Amino acid sequence: MPAQWKECAVIELVPLDAIPEPMVEALLDRAFGRDRHGRTAYRIREGVDAIPALSFAARFADGRLAGTIQCWPVALACDGSGTVPMVMVGPVAVDPEWQQEGIGRLLMAEMLRSADAAGMPALMLIGDPEYYGRFFGFTADRTARWRLPGPVERHRLLARGASVPDCAGMLGPDLRKVA
């Protein structure tokens, strides 16, 4: 356990829906800025709710929020050959005060355990390829022909899993998951 964590006792992982939404939004603003809603990642998941079983919060024993991870139902509409459902990972947000302390890795590890247990065959994200590749096995090997509803640095469009499609197509929300 990093030395800084000792002053706050223990970090516990809880379902994200156990945290009041204003606390989550405030953390996301601190981690990514208030202009984050205009990013391509937000457009990809527009109109769907996060997947509760794969979305977690890390909080200290005193109730302070240290980090969150959210996952979303998305799909790749392959050109001429159907739609492949996937899970979009992110944002993975850690309070700037606690970045570089392993909280993001803890959240990712819990999400991946849960995704594997639920049989989620394909995960994707937009993120640092060195970090997500090295620690979690995400690559850009099959994402080069995906189109997104906004700009993206191609090397940051990553995926992981046995069912990640290798087709040209448009990535967007999996609207079949909207109730």
# chains A, B, ... in the order shown; residues from 1 in each chain; ligands from 1

$ residues_around --residues "A:Cys71" --least-positions-apart "3" --cutoff "9 Å" --atoms "only C-alpha atoms" --output "list in words"
Asp49, Ala50, Ile51, Pro52, Ala53, Leu54, Ser55, Val87, Met88, Val89, Gly90, Pro91 and Met111 of chain A

$ write_last_selection --atoms "C-alpha atoms" --output "compact mmCIF listing (two decimals), in the first residue's frame"
# COMPACT_ATOMS: atom_id res chain seq x y z
CA ASP A 49 -26.23 4.13 -19.55
CA ALA A 50 -23.07 2.77 -18.00
CA ILE A 51 -23.02 -0.96 -17.26
CA PRO A 52 -23.47 -1.20 -13.46
CA ALA A 53 -21.72 -4.58 -13.12
CA LEU A 54 -18.54 -3.15 -14.69
CA SER A 55 -18.51 0.36 -13.19
CA VAL A 87 -17.87 -2.83 -23.99
CA MET A 88 -16.24 0.60 -23.99
CA VAL A 89 -13.98 1.07 -20.98
CA GLY A 90 -13.65 4.56 -19.60
CA PRO A 91 -13.33 7.01 -18.34
CA MET A 111 -13.32 -4.27 -13.96

$ select_by_dssp --residues "stretch 15-168 of chain A" --states "strand (DSSP E)" --output "ChimeraX atom specification"
/A:15,56-60,65-78,83-94,123-126,146-147,157-160

$ closest_residue --among "A:Leu13, A:Cys167, A:Leu157, A:Leu125" --to "A:Ala66" --atoms "only C-alpha atoms"
A:Leu13

$ closest_residue --among "A:Ala57, A:Pro149, A:Leu123, A:Arg134" --to "A:Val164" --atoms "only C-alpha atoms"
A:Leu123

$ select_by_dssp --residues "stretch 42-132 of chain A" --states "alpha helix (DSSP H)" --output "number ranges by chain"
A: 42-44, 103-117, 129-132

$ closest_residue --among "A:Glu12, A:Ile126, A:Arg160, A:Tyr131" --to "A:Ile103" --atoms "only C-alpha atoms"
A:Glu12

$ closest_residue --among "A:Val94, A:Ala117, A:Ala162, A:Leu107" --to "A:Asp29" --atoms "only C-alpha atoms"
A:Val94

$ residues_around --residues "A:Leu76" --least-positions-apart "5" --cutoff "12 Å" --atoms "only C-alpha atoms" --output "PyMOL selection string"
chain A and resi 44-45+81-88+122-124+142-143+145-149+159+163-175

$ closest_residue --among "A:Trp98, A:Ala140, A:Gly119, A:Ala93" --to "A:Gly33" --atoms "only C-alpha atoms"
A:Ala93

$ residues_around --residues "A:Ala109" --least-positions-apart "6" --cutoff "10 Å" --atoms "only C-alpha atoms" --output "NGL selection string"
:A and (103 or 115 or 135-136)

$ write_last_selection --atoms "C-alpha atoms" --output "compact mmCIF listing (two decimals), in the first residue's frame"
# COMPACT_ATOMS: atom_id res chain seq x y z
CA ILE A 103 -5.74 3.51 -7.99
CA ALA A 115 -15.80 -8.58 -17.33
CA PHE A 135 -0.62 -3.84 -17.98
CA PHE A 136 -3.92 -4.98 -19.49

$ atom_distance --atom1 "atom CA of A:Gly137" --atom2 "atom CA of A:Ser114"
15.8 Å

$ atom_distance --atom1 "atom CA of A:Phe56" --atom2 "atom CA of A:Leu112"
11.3 Å

$ closest_residue --among "A:Ala61, A:Ala118, A:Ala41, A:Leu27" --to "A:Val152" --atoms "only C-alpha atoms"
A:Ala41

$ atom_distance --atom1 "atom CA of A:Met23" --atom2 "atom CA of A:Leu65"
7.5 Å
